[in-house]
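> Enclosed is the structure file final_0.txt (compact mmCIF, N, CA and C atoms).
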# COMPACT_ATOMS: atom_id res chain seq x y z
N MET A 225 40.92 -105.58 -51.89
CA MET A 225 40.67 -107.01 -51.99
C MET A 225 40.06 -107.49 -50.68
N SER A 226 38.88 -108.05 -50.74
CA SER A 226 38.20 -108.54 -49.54
C SER A 226 38.53 -110.01 -49.31
N VAL A 227 38.90 -110.34 -48.06
CA VAL A 227 39.21 -111.73 -47.73
C VAL A 227 38.05 -112.41 -47.02
N THR A 228 37.02 -111.67 -46.68
CA THR A 228 35.89 -112.23 -45.95
C THR A 228 34.65 -112.16 -46.83
N PRO A 229 33.97 -113.29 -47.06
CA PRO A 229 32.76 -113.25 -47.89
C PRO A 229 31.66 -112.43 -47.24
N THR A 230 30.80 -111.87 -48.08
CA THR A 230 29.73 -111.01 -47.56
C THR A 230 28.72 -111.77 -46.72
N ASN A 231 28.65 -113.11 -46.88
CA ASN A 231 27.71 -113.89 -46.08
C ASN A 231 28.37 -114.47 -44.82
N ALA A 232 29.57 -113.98 -44.49
CA ALA A 232 30.28 -114.44 -43.29
C ALA A 232 29.50 -114.04 -42.05
N PRO A 233 29.66 -114.81 -40.96
CA PRO A 233 29.02 -114.40 -39.70
C PRO A 233 29.52 -113.02 -39.28
N LYS A 234 28.63 -112.23 -38.74
CA LYS A 234 28.96 -110.85 -38.36
C LYS A 234 29.34 -110.79 -36.89
N LEU A 235 30.52 -110.22 -36.62
CA LEU A 235 31.02 -110.08 -35.26
C LEU A 235 30.82 -108.65 -34.80
N VAL A 236 30.29 -108.50 -33.59
CA VAL A 236 30.13 -107.21 -32.95
C VAL A 236 31.06 -107.19 -31.75
N ILE A 237 31.93 -106.19 -31.70
CA ILE A 237 32.88 -106.04 -30.60
C ILE A 237 32.37 -104.95 -29.68
N PHE A 238 32.23 -105.27 -28.41
CA PHE A 238 31.81 -104.27 -27.43
C PHE A 238 33.04 -103.71 -26.74
N GLY A 239 33.24 -102.41 -26.89
CA GLY A 239 34.32 -101.71 -26.21
C GLY A 239 35.57 -101.58 -27.06
N LEU A 240 36.30 -100.52 -26.78
CA LEU A 240 37.58 -100.26 -27.44
C LEU A 240 38.69 -100.61 -26.48
N SER A 241 39.75 -101.15 -27.02
CA SER A 241 40.91 -101.46 -26.18
C SER A 241 42.14 -101.59 -27.06
N ASN A 242 43.27 -101.77 -26.43
CA ASN A 242 44.52 -101.93 -27.17
C ASN A 242 44.58 -103.24 -27.94
N ILE A 243 43.71 -104.19 -27.65
CA ILE A 243 43.73 -105.47 -28.36
C ILE A 243 42.77 -105.51 -29.55
N LEU A 244 42.20 -104.38 -29.91
CA LEU A 244 41.22 -104.33 -30.98
C LEU A 244 41.76 -104.90 -32.29
N SER A 245 42.98 -104.54 -32.67
CA SER A 245 43.57 -105.06 -33.91
C SER A 245 43.76 -106.57 -33.83
N ASP A 246 44.09 -107.08 -32.63
CA ASP A 246 44.23 -108.53 -32.45
C ASP A 246 42.89 -109.23 -32.63
N ILE A 247 41.82 -108.61 -32.16
CA ILE A 247 40.49 -109.19 -32.35
C ILE A 247 40.12 -109.18 -33.83
N PHE A 248 40.43 -108.08 -34.55
CA PHE A 248 40.20 -108.04 -36.00
C PHE A 248 40.90 -109.22 -36.67
N ASP A 249 42.17 -109.42 -36.32
CA ASP A 249 42.97 -110.49 -36.91
C ASP A 249 42.33 -111.85 -36.63
N CYS A 250 41.94 -112.08 -35.40
CA CYS A 250 41.33 -113.35 -35.01
C CYS A 250 40.00 -113.56 -35.72
N ALA A 251 39.21 -112.51 -35.82
CA ALA A 251 37.92 -112.61 -36.52
C ALA A 251 38.14 -113.01 -37.98
N LEU A 252 39.07 -112.35 -38.65
CA LEU A 252 39.36 -112.69 -40.05
C LEU A 252 39.85 -114.13 -40.17
N ALA A 253 40.72 -114.56 -39.28
CA ALA A 253 41.26 -115.92 -39.32
C ALA A 253 40.18 -116.97 -39.09
N ASN A 254 39.09 -116.58 -38.42
CA ASN A 254 37.98 -117.50 -38.17
C ASN A 254 36.81 -117.30 -39.13
N GLY A 255 36.99 -116.47 -40.16
CA GLY A 255 35.96 -116.28 -41.17
C GLY A 255 34.84 -115.34 -40.78
N PHE A 256 35.05 -114.50 -39.76
CA PHE A 256 34.05 -113.52 -39.35
C PHE A 256 34.27 -112.19 -40.05
N LEU A 257 33.21 -111.47 -40.25
CA LEU A 257 33.24 -110.09 -40.70
C LEU A 257 32.96 -109.24 -39.48
N THR A 258 33.90 -108.39 -39.07
CA THR A 258 33.64 -107.49 -37.95
C THR A 258 32.73 -106.39 -38.46
N SER A 259 31.47 -106.43 -38.04
CA SER A 259 30.47 -105.52 -38.60
C SER A 259 30.29 -104.25 -37.77
N LYS A 260 30.50 -104.35 -36.45
CA LYS A 260 30.30 -103.18 -35.59
C LYS A 260 31.28 -103.19 -34.44
N ILE A 261 31.63 -101.99 -34.02
CA ILE A 261 32.33 -101.77 -32.76
C ILE A 261 31.40 -100.87 -31.95
N VAL A 262 31.05 -101.32 -30.77
CA VAL A 262 30.11 -100.58 -29.94
C VAL A 262 30.90 -99.97 -28.78
N LYS A 263 30.96 -98.63 -28.77
CA LYS A 263 31.68 -97.91 -27.72
C LYS A 263 30.77 -97.76 -26.50
N HIS A 264 31.29 -98.14 -25.34
CA HIS A 264 30.48 -98.03 -24.13
C HIS A 264 31.02 -96.98 -23.16
N LEU A 265 32.27 -96.58 -23.34
CA LEU A 265 32.89 -95.54 -22.51
C LEU A 265 33.63 -94.57 -23.41
N PRO A 266 33.82 -93.34 -22.98
CA PRO A 266 34.66 -92.43 -23.76
C PRO A 266 36.07 -93.03 -23.88
N HIS A 267 36.66 -92.89 -25.03
CA HIS A 267 37.99 -93.47 -25.26
C HIS A 267 38.97 -92.37 -25.65
N VAL A 268 40.11 -92.37 -24.99
CA VAL A 268 41.20 -91.44 -25.31
C VAL A 268 42.42 -92.29 -25.62
N ASP A 269 42.99 -92.09 -26.82
CA ASP A 269 44.20 -92.83 -27.17
C ASP A 269 45.35 -92.39 -26.29
N GLY A 270 46.10 -93.36 -25.79
CA GLY A 270 47.29 -93.07 -25.03
C GLY A 270 48.46 -92.78 -25.95
N PRO A 271 49.60 -92.36 -25.42
CA PRO A 271 50.74 -91.97 -26.25
C PRO A 271 51.30 -93.13 -27.08
N ARG A 272 51.10 -94.37 -26.65
CA ARG A 272 51.61 -95.52 -27.40
C ARG A 272 50.53 -96.26 -28.18
N ASP A 273 49.29 -95.76 -28.15
CA ASP A 273 48.18 -96.42 -28.83
C ASP A 273 48.14 -96.06 -30.31
N ILE A 274 47.69 -97.02 -31.11
CA ILE A 274 47.40 -96.74 -32.51
C ILE A 274 45.96 -96.22 -32.55
N PRO A 275 45.73 -95.04 -33.10
CA PRO A 275 44.37 -94.48 -33.11
C PRO A 275 43.38 -95.40 -33.82
N LEU A 276 42.13 -95.38 -33.39
CA LEU A 276 41.09 -96.22 -33.97
C LEU A 276 40.99 -96.01 -35.49
N ALA A 277 41.03 -94.78 -35.95
CA ALA A 277 40.91 -94.51 -37.38
C ALA A 277 42.02 -95.21 -38.17
N GLN A 278 43.21 -95.24 -37.63
CA GLN A 278 44.33 -95.91 -38.30
C GLN A 278 44.13 -97.43 -38.31
N ARG A 279 43.61 -97.98 -37.23
CA ARG A 279 43.33 -99.42 -37.18
C ARG A 279 42.26 -99.79 -38.21
N LEU A 280 41.23 -98.97 -38.31
CA LEU A 280 40.15 -99.23 -39.26
C LEU A 280 40.65 -99.10 -40.70
N GLN A 281 41.55 -98.16 -40.94
CA GLN A 281 42.12 -97.98 -42.27
C GLN A 281 42.92 -99.22 -42.68
N ALA A 282 43.69 -99.78 -41.76
CA ALA A 282 44.45 -101.00 -42.05
C ALA A 282 43.50 -102.16 -42.34
N LEU A 283 42.42 -102.27 -41.58
CA LEU A 283 41.45 -103.33 -41.78
C LEU A 283 40.74 -103.18 -43.12
N ALA A 284 40.51 -101.94 -43.55
CA ALA A 284 39.80 -101.68 -44.80
C ALA A 284 40.55 -102.20 -46.02
N ARG A 285 41.86 -102.43 -45.89
CA ARG A 285 42.61 -103.00 -47.01
C ARG A 285 42.20 -104.44 -47.28
N LEU A 286 41.59 -105.11 -46.28
CA LEU A 286 41.25 -106.52 -46.41
C LEU A 286 39.75 -106.80 -46.48
N THR A 287 38.97 -105.97 -45.83
CA THR A 287 37.54 -106.23 -45.73
C THR A 287 36.80 -104.91 -45.48
N THR A 288 35.51 -104.98 -45.46
CA THR A 288 34.70 -103.80 -45.17
C THR A 288 34.93 -103.39 -43.71
N PRO A 289 35.30 -102.14 -43.47
CA PRO A 289 35.52 -101.72 -42.07
C PRO A 289 34.21 -101.72 -41.29
N PRO A 290 34.30 -101.99 -39.99
CA PRO A 290 33.09 -102.02 -39.18
C PRO A 290 32.53 -100.62 -38.92
N GLU A 291 31.26 -100.60 -38.66
CA GLU A 291 30.59 -99.38 -38.22
C GLU A 291 30.93 -99.17 -36.75
N VAL A 292 31.24 -97.94 -36.36
CA VAL A 292 31.52 -97.62 -34.96
C VAL A 292 30.32 -96.84 -34.43
N ILE A 293 29.68 -97.41 -33.39
CA ILE A 293 28.48 -96.78 -32.84
C ILE A 293 28.59 -96.69 -31.32
N GLU A 294 27.75 -95.87 -30.75
CA GLU A 294 27.64 -95.75 -29.30
C GLU A 294 26.70 -96.83 -28.78
N LEU A 295 26.89 -97.23 -27.54
CA LEU A 295 26.06 -98.26 -26.94
C LEU A 295 24.58 -97.88 -26.99
N ALA A 296 24.27 -96.61 -26.80
CA ALA A 296 22.88 -96.15 -26.83
C ALA A 296 22.22 -96.38 -28.19
N ASP A 297 23.03 -96.51 -29.25
CA ASP A 297 22.52 -96.71 -30.61
C ASP A 297 22.51 -98.18 -31.03
N PHE A 298 22.89 -99.08 -30.14
CA PHE A 298 22.99 -100.50 -30.48
C PHE A 298 21.65 -101.20 -30.37
N THR A 299 21.35 -102.02 -31.37
CA THR A 299 20.21 -102.93 -31.36
C THR A 299 20.70 -104.26 -31.90
N PRO A 300 20.49 -105.36 -31.16
CA PRO A 300 20.93 -106.66 -31.67
C PRO A 300 20.24 -107.00 -32.99
N GLN A 301 20.98 -107.66 -33.87
CA GLN A 301 20.47 -108.07 -35.18
C GLN A 301 20.64 -109.57 -35.35
N GLU A 302 19.81 -110.17 -36.15
CA GLU A 302 19.89 -111.59 -36.47
C GLU A 302 21.26 -111.91 -37.09
N GLY A 303 21.84 -113.01 -36.70
CA GLY A 303 23.09 -113.48 -37.30
C GLY A 303 24.35 -112.85 -36.75
N GLU A 304 24.26 -112.11 -35.65
CA GLU A 304 25.44 -111.49 -35.06
C GLU A 304 26.02 -112.38 -33.96
N ALA A 305 27.34 -112.33 -33.82
CA ALA A 305 28.05 -112.94 -32.70
C ALA A 305 28.68 -111.79 -31.93
N TYR A 306 28.77 -111.94 -30.60
CA TYR A 306 29.22 -110.84 -29.76
C TYR A 306 30.47 -111.23 -28.99
N ILE A 307 31.42 -110.28 -28.96
CA ILE A 307 32.68 -110.49 -28.23
C ILE A 307 32.97 -109.23 -27.42
N LEU A 308 33.69 -109.42 -26.34
CA LEU A 308 34.06 -108.30 -25.47
C LEU A 308 35.46 -107.83 -25.80
N GLY A 309 35.63 -106.53 -25.99
CA GLY A 309 36.93 -105.97 -26.31
C GLY A 309 37.73 -105.51 -25.11
N PRO A 310 37.12 -104.90 -24.12
CA PRO A 310 37.93 -104.32 -23.04
C PRO A 310 38.51 -105.37 -22.11
N THR A 311 39.66 -105.05 -21.59
CA THR A 311 40.29 -105.90 -20.58
C THR A 311 40.40 -105.14 -19.26
N THR A 312 39.63 -104.10 -19.13
CA THR A 312 39.66 -103.22 -17.97
C THR A 312 38.73 -103.74 -16.87
N PRO A 313 38.84 -103.17 -15.68
CA PRO A 313 37.91 -103.57 -14.61
C PRO A 313 36.44 -103.32 -14.96
N GLN A 314 36.15 -102.43 -15.90
CA GLN A 314 34.77 -102.14 -16.29
C GLN A 314 34.16 -103.25 -17.13
N ARG A 315 34.96 -104.26 -17.50
CA ARG A 315 34.48 -105.37 -18.32
C ARG A 315 33.28 -106.06 -17.67
N ALA A 316 33.38 -106.37 -16.38
CA ALA A 316 32.29 -107.07 -15.68
C ALA A 316 31.02 -106.23 -15.68
N GLU A 317 31.17 -104.93 -15.52
CA GLU A 317 30.00 -104.04 -15.54
C GLU A 317 29.36 -104.04 -16.93
N LEU A 318 30.20 -104.05 -17.97
CA LEU A 318 29.68 -104.09 -19.35
C LEU A 318 28.92 -105.39 -19.60
N VAL A 319 29.47 -106.51 -19.16
CA VAL A 319 28.81 -107.80 -19.33
C VAL A 319 27.44 -107.78 -18.66
N GLN A 320 27.41 -107.32 -17.43
CA GLN A 320 26.15 -107.28 -16.68
C GLN A 320 25.12 -106.40 -17.39
N LEU A 321 25.54 -105.24 -17.86
CA LEU A 321 24.64 -104.33 -18.56
C LEU A 321 24.08 -104.97 -19.83
N LEU A 322 24.96 -105.58 -20.63
CA LEU A 322 24.52 -106.18 -21.90
C LEU A 322 23.61 -107.38 -21.68
N GLN A 323 23.87 -108.16 -20.66
CA GLN A 323 23.01 -109.31 -20.39
C GLN A 323 21.66 -108.87 -19.85
N GLN A 324 21.64 -107.83 -19.00
CA GLN A 324 20.37 -107.34 -18.45
C GLN A 324 19.52 -106.68 -19.54
N LYS A 325 20.16 -105.84 -20.34
CA LYS A 325 19.41 -105.06 -21.32
C LYS A 325 19.03 -105.85 -22.56
N TYR A 326 19.93 -106.74 -23.02
CA TYR A 326 19.70 -107.42 -24.30
C TYR A 326 19.69 -108.94 -24.21
N SER A 327 20.00 -109.52 -23.06
CA SER A 327 20.12 -110.97 -22.90
C SER A 327 21.08 -111.58 -23.92
N LEU A 328 22.19 -110.90 -24.17
CA LEU A 328 23.15 -111.37 -25.16
C LEU A 328 23.91 -112.59 -24.66
N GLN A 329 24.21 -113.47 -25.58
CA GLN A 329 25.12 -114.58 -25.34
C GLN A 329 26.42 -114.25 -26.08
N PHE A 330 27.53 -114.37 -25.41
CA PHE A 330 28.81 -113.97 -26.00
C PHE A 330 29.50 -115.16 -26.67
N HIS A 331 30.26 -114.85 -27.69
CA HIS A 331 31.01 -115.83 -28.47
C HIS A 331 32.43 -115.90 -27.91
N THR A 332 32.99 -117.09 -27.86
CA THR A 332 34.40 -117.25 -27.50
C THR A 332 35.17 -117.33 -28.81
N LEU A 333 36.19 -116.50 -28.96
CA LEU A 333 36.94 -116.39 -30.21
C LEU A 333 38.37 -116.83 -29.97
N ILE A 334 38.78 -117.89 -30.65
CA ILE A 334 40.13 -118.45 -30.49
C ILE A 334 40.82 -118.45 -31.84
N HIS A 335 41.98 -117.81 -31.91
CA HIS A 335 42.75 -117.78 -33.16
C HIS A 335 43.19 -119.19 -33.50
N PRO A 336 43.16 -119.57 -34.78
CA PRO A 336 43.53 -120.93 -35.18
C PRO A 336 44.97 -121.32 -34.82
N THR A 337 45.85 -120.35 -34.61
CA THR A 337 47.23 -120.70 -34.24
C THR A 337 47.43 -120.82 -32.74
N ALA A 338 46.38 -120.55 -31.96
CA ALA A 338 46.48 -120.65 -30.50
C ALA A 338 46.30 -122.10 -30.07
N TYR A 339 46.87 -122.42 -28.92
CA TYR A 339 46.64 -123.72 -28.30
C TYR A 339 45.91 -123.49 -26.99
N VAL A 340 44.77 -124.14 -26.84
CA VAL A 340 44.02 -124.07 -25.60
C VAL A 340 43.89 -125.50 -25.08
N SER A 341 44.45 -125.75 -23.91
CA SER A 341 44.38 -127.07 -23.30
C SER A 341 42.93 -127.47 -23.08
N PRO A 342 42.61 -128.73 -23.33
CA PRO A 342 41.25 -129.20 -23.01
C PRO A 342 40.96 -129.15 -21.51
N LEU A 343 42.00 -128.96 -20.71
CA LEU A 343 41.83 -128.86 -19.26
C LEU A 343 41.70 -127.41 -18.79
N ALA A 344 41.73 -126.47 -19.73
CA ALA A 344 41.52 -125.05 -19.40
C ALA A 344 40.03 -124.75 -19.45
N GLN A 345 39.64 -123.66 -18.80
CA GLN A 345 38.24 -123.24 -18.79
C GLN A 345 38.16 -121.83 -19.37
N LEU A 346 37.40 -121.69 -20.46
CA LEU A 346 37.21 -120.38 -21.09
C LEU A 346 35.75 -119.97 -20.95
N GLY A 347 35.54 -118.75 -20.48
CA GLY A 347 34.19 -118.21 -20.38
C GLY A 347 33.72 -117.66 -21.71
N ARG A 348 32.43 -117.44 -21.81
CA ARG A 348 31.87 -116.86 -23.03
C ARG A 348 32.34 -115.41 -23.14
N GLY A 349 32.68 -115.00 -24.36
CA GLY A 349 33.13 -113.64 -24.60
C GLY A 349 34.64 -113.49 -24.52
N VAL A 350 35.34 -114.59 -24.24
CA VAL A 350 36.80 -114.54 -24.13
C VAL A 350 37.43 -114.60 -25.51
N PHE A 351 38.51 -113.88 -25.67
CA PHE A 351 39.28 -113.84 -26.91
C PHE A 351 40.67 -114.39 -26.62
N VAL A 352 41.13 -115.32 -27.47
CA VAL A 352 42.48 -115.88 -27.35
C VAL A 352 43.19 -115.57 -28.67
N GLY A 353 44.25 -114.77 -28.59
CA GLY A 353 44.94 -114.28 -29.78
C GLY A 353 45.91 -115.26 -30.40
N ALA A 354 46.47 -114.84 -31.52
CA ALA A 354 47.40 -115.64 -32.32
C ALA A 354 48.58 -116.11 -31.48
N ASN A 355 48.94 -117.37 -31.66
CA ASN A 355 50.10 -118.00 -31.03
C ASN A 355 50.05 -118.04 -29.51
N SER A 356 48.90 -117.84 -28.93
CA SER A 356 48.74 -117.92 -27.48
C SER A 356 48.74 -119.37 -27.03
N VAL A 357 49.15 -119.60 -25.81
CA VAL A 357 49.07 -120.92 -25.19
C VAL A 357 48.32 -120.75 -23.87
N ILE A 358 47.22 -121.47 -23.76
CA ILE A 358 46.43 -121.48 -22.54
C ILE A 358 46.57 -122.88 -21.95
N GLY A 359 47.27 -122.97 -20.84
CA GLY A 359 47.64 -124.25 -20.27
C GLY A 359 46.56 -124.90 -19.44
N PRO A 360 46.81 -126.16 -19.04
CA PRO A 360 45.87 -126.90 -18.20
C PRO A 360 45.61 -126.16 -16.89
N GLY A 361 44.37 -126.14 -16.50
CA GLY A 361 43.99 -125.50 -15.25
C GLY A 361 43.76 -124.01 -15.33
N ALA A 362 44.11 -123.39 -16.46
CA ALA A 362 43.88 -121.95 -16.61
C ALA A 362 42.37 -121.68 -16.65
N GLN A 363 41.97 -120.56 -16.07
CA GLN A 363 40.57 -120.14 -16.08
C GLN A 363 40.51 -118.71 -16.60
N LEU A 364 39.96 -118.53 -17.79
CA LEU A 364 39.73 -117.21 -18.37
C LEU A 364 38.22 -117.03 -18.43
N LEU A 365 37.69 -116.30 -17.48
CA LEU A 365 36.24 -116.17 -17.36
C LEU A 365 35.79 -114.77 -17.72
N THR A 366 34.56 -114.67 -18.11
CA THR A 366 33.99 -113.39 -18.53
C THR A 366 33.96 -112.39 -17.41
Could you take the file, read its structure, and then write that structure out as C-alpha cells?

Amino acid sequence: MSVTPTNAPKLVIFGLSNILSDIFDCALANGFLTSKIVKHLPHVDGPRDIPLAQRLQALARLTTPPEVIELADFTPQEGEAYILGPTTPQRAELVQLLQQKYSLQFHTLIHPTAYVSPLAQLGRGVFVGANSVIGPGAQLLT
C-alpha cells in the first residue's frame, strides 16, 4: 500500500547516517517521495545500526523504495528537493562539494509534529525530526 502519490515532490538524501529512517519518516509526513539516496563515503554499519537494506525494506511497505547510488553517478533532475543526511564532520565538506559541482539549493525538512520557534535559525538542508523542539535563539546551520 503506497501512502505517497506518484506525483509527490521527489526528495534526494545525500549521505547515509543513523538518522536515515527518521528522514524517511519526515519525508512521508510532508508528502515527499524519497527517490534517491546518494552515497558519498563508504559506509559500514556499526553493531547497533539497522542495516540500510532493512531500512529500505521497511520503507517499501509504504512507498516505492529509493534508488541508492554513488555520488559519481548523481545528476540533478527537475523537480527534486535535496536534503543532507550525515551529521558527521564531513557534512560541511559534502555541502561545499555539492554546491561547487551542482549549485544545489538544499531543502529544510521539518516534521509536522516538531515545534520550531520563530526565533530559531535553521539553515538550508537541515532536518528536524518528529516531536523535536527547537527553542528561541537556537541556530542549526548547514
> Extract the full set of alpha helix (DSSP H) residues from range 256-350 of chain A according to DSSP on the backbone, and format it as a VMD selection string.
chain A and resid 276 to 284 315 to 326
> Near range 332-343 of chain A, counting only N, CA and C atoms, which residues have an atom at most 6 Å away, once you skip same-chain residues fewer than 6 positions from it, shown as a list of chain:residue names?
A:Cys250, A:Ala253, A:Gly349, A:Val350, A:Phe351, A:Val352, A:Gly353, A:Ala354, A:Asn355, A:Ser356, A:Val357, A:Ile358, A:Gly359, A:Pro360, A:Gly361, A:Ala362
> Can you measure atom C of Gln301 in chain A to atom N of Asp246 in chain A for me? One decimal in Å is fine.
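So the two atoms, atom C of Gln301 in chain A and atom N of Asp246 in chain A, lie 23.7 Å apart.
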> Considering only N, CA and C atoms, state which residue in the set A:Phe256, A:Ser241, A:Arg348, A:Val262 is at the smallest distance from Ala296 in chain A.
A:Val262
> How many Å separate atom C of Thr288 in chain A from atom C of Gln329 in chain A?
22.4 Å
> Which distance in Å separates CA of Thr311 in chain A and CA of Leu265 in chain A, to one decimal?
12.9 Å
> Among chain A, which residues does DSSP mark as strand (DSSP E) when it is run on the backbone? Keep the chain and numbering as in the structure and answer as a tab-separated table (two decimals) with N, CA and C atoms, in the frame of the given file.

chain	number	residue	atom	x	y	z
A	234	LYS	N	28.63	-112.23	-38.74
A	234	LYS	CA	28.96	-110.85	-38.36
A	234	LYS	C	29.34	-110.79	-36.89
A	235	LEU	N	30.52	-110.22	-36.62
A	235	LEU	CA	31.02	-110.08	-35.26
A	235	LEU	C	30.82	-108.65	-34.80
A	236	VAL	N	30.29	-108.50	-33.59
A	236	VAL	CA	30.13	-107.21	-32.95
A	236	VAL	C	31.06	-107.19	-31.75
A	237	ILE	N	31.93	-106.19	-31.70
A	237	ILE	CA	32.88	-106.04	-30.60
A	237	ILE	C	32.37	-104.95	-29.68
A	238	PHE	N	32.23	-105.27	-28.41
A	238	PHE	CA	31.81	-104.27	-27.43
A	238	PHE	C	33.04	-103.71	-26.74
A	257	LEU	N	33.21	-111.47	-40.25
A	257	LEU	CA	33.24	-110.09	-40.70
A	257	LEU	C	32.96	-109.24	-39.48
A	258	THR	N	33.90	-108.39	-39.07
A	258	THR	CA	33.64	-107.49	-37.95
A	258	THR	C	32.73	-106.39	-38.46
A	259	SER	N	31.47	-106.43	-38.04
A	259	SER	CA	30.47	-105.52	-38.60
A	259	SER	C	30.29	-104.25	-37.77
A	260	LYS	N	30.50	-104.35	-36.45
A	260	LYS	CA	30.30	-103.18	-35.59
A	260	LYS	C	31.28	-103.19	-34.44
A	261	ILE	N	31.63	-101.99	-34.02
A	261	ILE	CA	32.33	-101.77	-32.76
A	261	ILE	C	31.40	-100.87	-31.95
A	262	VAL	N	31.05	-101.32	-30.77
A	262	VAL	CA	30.11	-100.58	-29.94
A	262	VAL	C	30.90	-99.97	-28.78
A	263	LYS	N	30.96	-98.63	-28.77
A	263	LYS	CA	31.68	-97.91	-27.72
A	263	LYS	C	30.77	-97.76	-26.50
A	291	GLU	N	31.26	-100.60	-38.66
A	291	GLU	CA	30.59	-99.38	-38.22
A	291	GLU	C	30.93	-99.17	-36.75
A	292	VAL	N	31.24	-97.94	-36.36
A	292	VAL	CA	31.52	-97.62	-34.96
A	292	VAL	C	30.32	-96.84	-34.43
A	293	ILE	N	29.68	-97.41	-33.39
A	293	ILE	CA	28.48	-96.78	-32.84
A	293	ILE	C	28.59	-96.69	-31.32
A	294	GLU	N	27.75	-95.87	-30.75
A	294	GLU	CA	27.64	-95.75	-29.30
A	294	GLU	C	26.70	-96.83	-28.78
A	304	GLU	N	24.26	-112.11	-35.65
A	304	GLU	CA	25.44	-111.49	-35.06
A	304	GLU	C	26.02	-112.38	-33.96
A	305	ALA	N	27.34	-112.33	-33.82
A	305	ALA	CA	28.05	-112.94	-32.70
A	305	ALA	C	28.68	-111.79	-31.93
A	306	TYR	N	28.77	-111.94	-30.60
A	306	TYR	CA	29.22	-110.84	-29.76
A	306	TYR	C	30.47	-111.23	-28.99
A	307	ILE	N	31.42	-110.28	-28.96
A	307	ILE	CA	32.68	-110.49	-28.23
A	307	ILE	C	32.97	-109.23	-27.42
A	308	LEU	N	33.69	-109.42	-26.34
A	308	LEU	CA	34.06	-108.30	-25.47
A	308	LEU	C	35.46	-107.83	-25.80
A	333	LEU	N	36.19	-116.50	-28.96
A	333	LEU	CA	36.94	-116.39	-30.21
A	333	LEU	C	38.37	-116.83	-29.97
A	334	ILE	N	38.78	-117.89	-30.65
A	334	ILE	CA	40.13	-118.45	-30.49
A	334	ILE	C	40.82	-118.45	-31.84
A	339	TYR	N	46.87	-122.42	-28.92
A	339	TYR	CA	46.64	-123.72	-28.30
A	339	TYR	C	45.91	-123.49	-26.99
A	340	VAL	N	44.77	-124.14	-26.84
A	340	VAL	CA	44.02	-124.07	-25.60
A	340	VAL	C	43.89	-125.50	-25.08
A	345	GLN	N	39.64	-123.66	-18.80
A	345	GLN	CA	38.24	-123.24	-18.79
A	345	GLN	C	38.16	-121.83	-19.37
A	346	LEU	N	37.40	-121.69	-20.46
A	346	LEU	CA	37.21	-120.38	-21.09
A	346	LEU	C	35.75	-119.97	-20.95
A	351	PHE	N	38.51	-113.88	-25.67
A	351	PHE	CA	39.28	-113.84	-26.91
A	351	PHE	C	40.67	-114.39	-26.62
A	352	VAL	N	41.13	-115.32	-27.47
A	352	VAL	CA	42.48	-115.88	-27.35
A	352	VAL	C	43.19	-115.57	-28.67
A	357	VAL	N	49.15	-119.60	-25.81
A	357	VAL	CA	49.07	-120.92	-25.19
A	357	VAL	C	48.32	-120.75	-23.87
A	358	ILE	N	47.22	-121.47	-23.76
A	358	ILE	CA	46.43	-121.48	-22.54
A	358	ILE	C	46.57	-122.88	-21.95
A	363	GLN	N	41.97	-120.56	-16.07
A	363	GLN	CA	40.57	-120.14	-16.08
A	363	GLN	C	40.51	-118.71	-16.60
A	364	LEU	N	39.96	-118.53	-17.79
A	364	LEU	CA	39.73	-117.21	-18.37
A	364	LEU	C	38.22	-117.03	-18.43
> Find the residues around Arg315 in chain A up to 12 Å (only C-alpha atoms counted), leave out those fewer than 4 positions away in its own chain, and share them as an MDAnalysis selection string.
chainID A and resid 238:241 264:265 307:311 319:322 349:350 365:366
> Quick one: everything within 12 Å of Asn231 in chain A, counting only C-alpha atoms, minus sequence neighbours fewer than 6 positions away in the same chain. Send it as a PDB file with N, CA and C atoms, in the coordinates of the input.

ATOM      1  N   GLY A 255      36.990-116.470 -40.160  1.00  0.00           N
ATOM      2  CA  GLY A 255      35.960-116.280 -41.170  1.00  0.00           C
ATOM      3  C   GLY A 255      34.840-115.340 -40.780  1.00  0.00           C
ATOM      4  N   PHE A 256      35.050-114.500 -39.760  1.00  0.00           N
ATOM      5  CA  PHE A 256      34.050-113.520 -39.350  1.00  0.00           C
ATOM      6  C   PHE A 256      34.270-112.190 -40.050  1.00  0.00           C
ATOM      7  N   LEU A 257      33.210-111.470 -40.250  1.00  0.00           N
ATOM      8  CA  LEU A 257      33.240-110.090 -40.700  1.00  0.00           C
ATOM      9  C   LEU A 257      32.960-109.240 -39.480  1.00  0.00           C
ATOM     10  N   THR A 258      33.900-108.390 -39.070  1.00  0.00           N
ATOM     11  CA  THR A 258      33.640-107.490 -37.950  1.00  0.00           C
ATOM     12  C   THR A 258      32.730-106.390 -38.460  1.00  0.00           C
ATOM     13  N   SER A 259      31.470-106.430 -38.040  1.00  0.00           N
ATOM     14  CA  SER A 259      30.470-105.520 -38.600  1.00  0.00           C
ATOM     15  C   SER A 259      30.290-104.250 -37.770  1.00  0.00           C
ATOM     16  N   GLY A 303      21.840-113.010 -36.700  1.00  0.00           N
ATOM     17  CA  GLY A 303      23.090-113.480 -37.300  1.00  0.00           C
ATOM     18  C   GLY A 303      24.350-112.850 -36.750  1.00  0.00           C
ATOM     19  N   GLU A 304      24.260-112.110 -35.650  1.00  0.00           N
ATOM     20  CA  GLU A 304      25.440-111.490 -35.060  1.00  0.00           C
ATOM     21  C   GLU A 304      26.020-112.380 -33.960  1.00  0.00           C
TER      22      GLU A 304
END
> Emit as lines of an AutoDock Vina configuration file the padded axis-aligned box for all listed atoms of range 334-347 of chain A, 4 Å per side, with centre and edge lengths in Å to one decimal.

center_x = 40.6
center_y = -123.4
center_z = -27.0
size_x = 21.7
size_y = 19.5
size_z = 24.4
> Name the closest residue to Leu280 in chain A among the candidates A:Ser327, A:Thr299, A:Thr312, A:Ser245; distances are taken between atoms, counting all atoms listed in the file.
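Under the stated criterion, the closest residue is A:Ser245.
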> For Phe298 in chain A, find every residue with an atom within 10 Å (counting only C-alpha atoms), except residues of its own chain fewer than 4 positions away, and show them as a VMD selection string.
chain A and resid 260 to 263 293 to 294 326
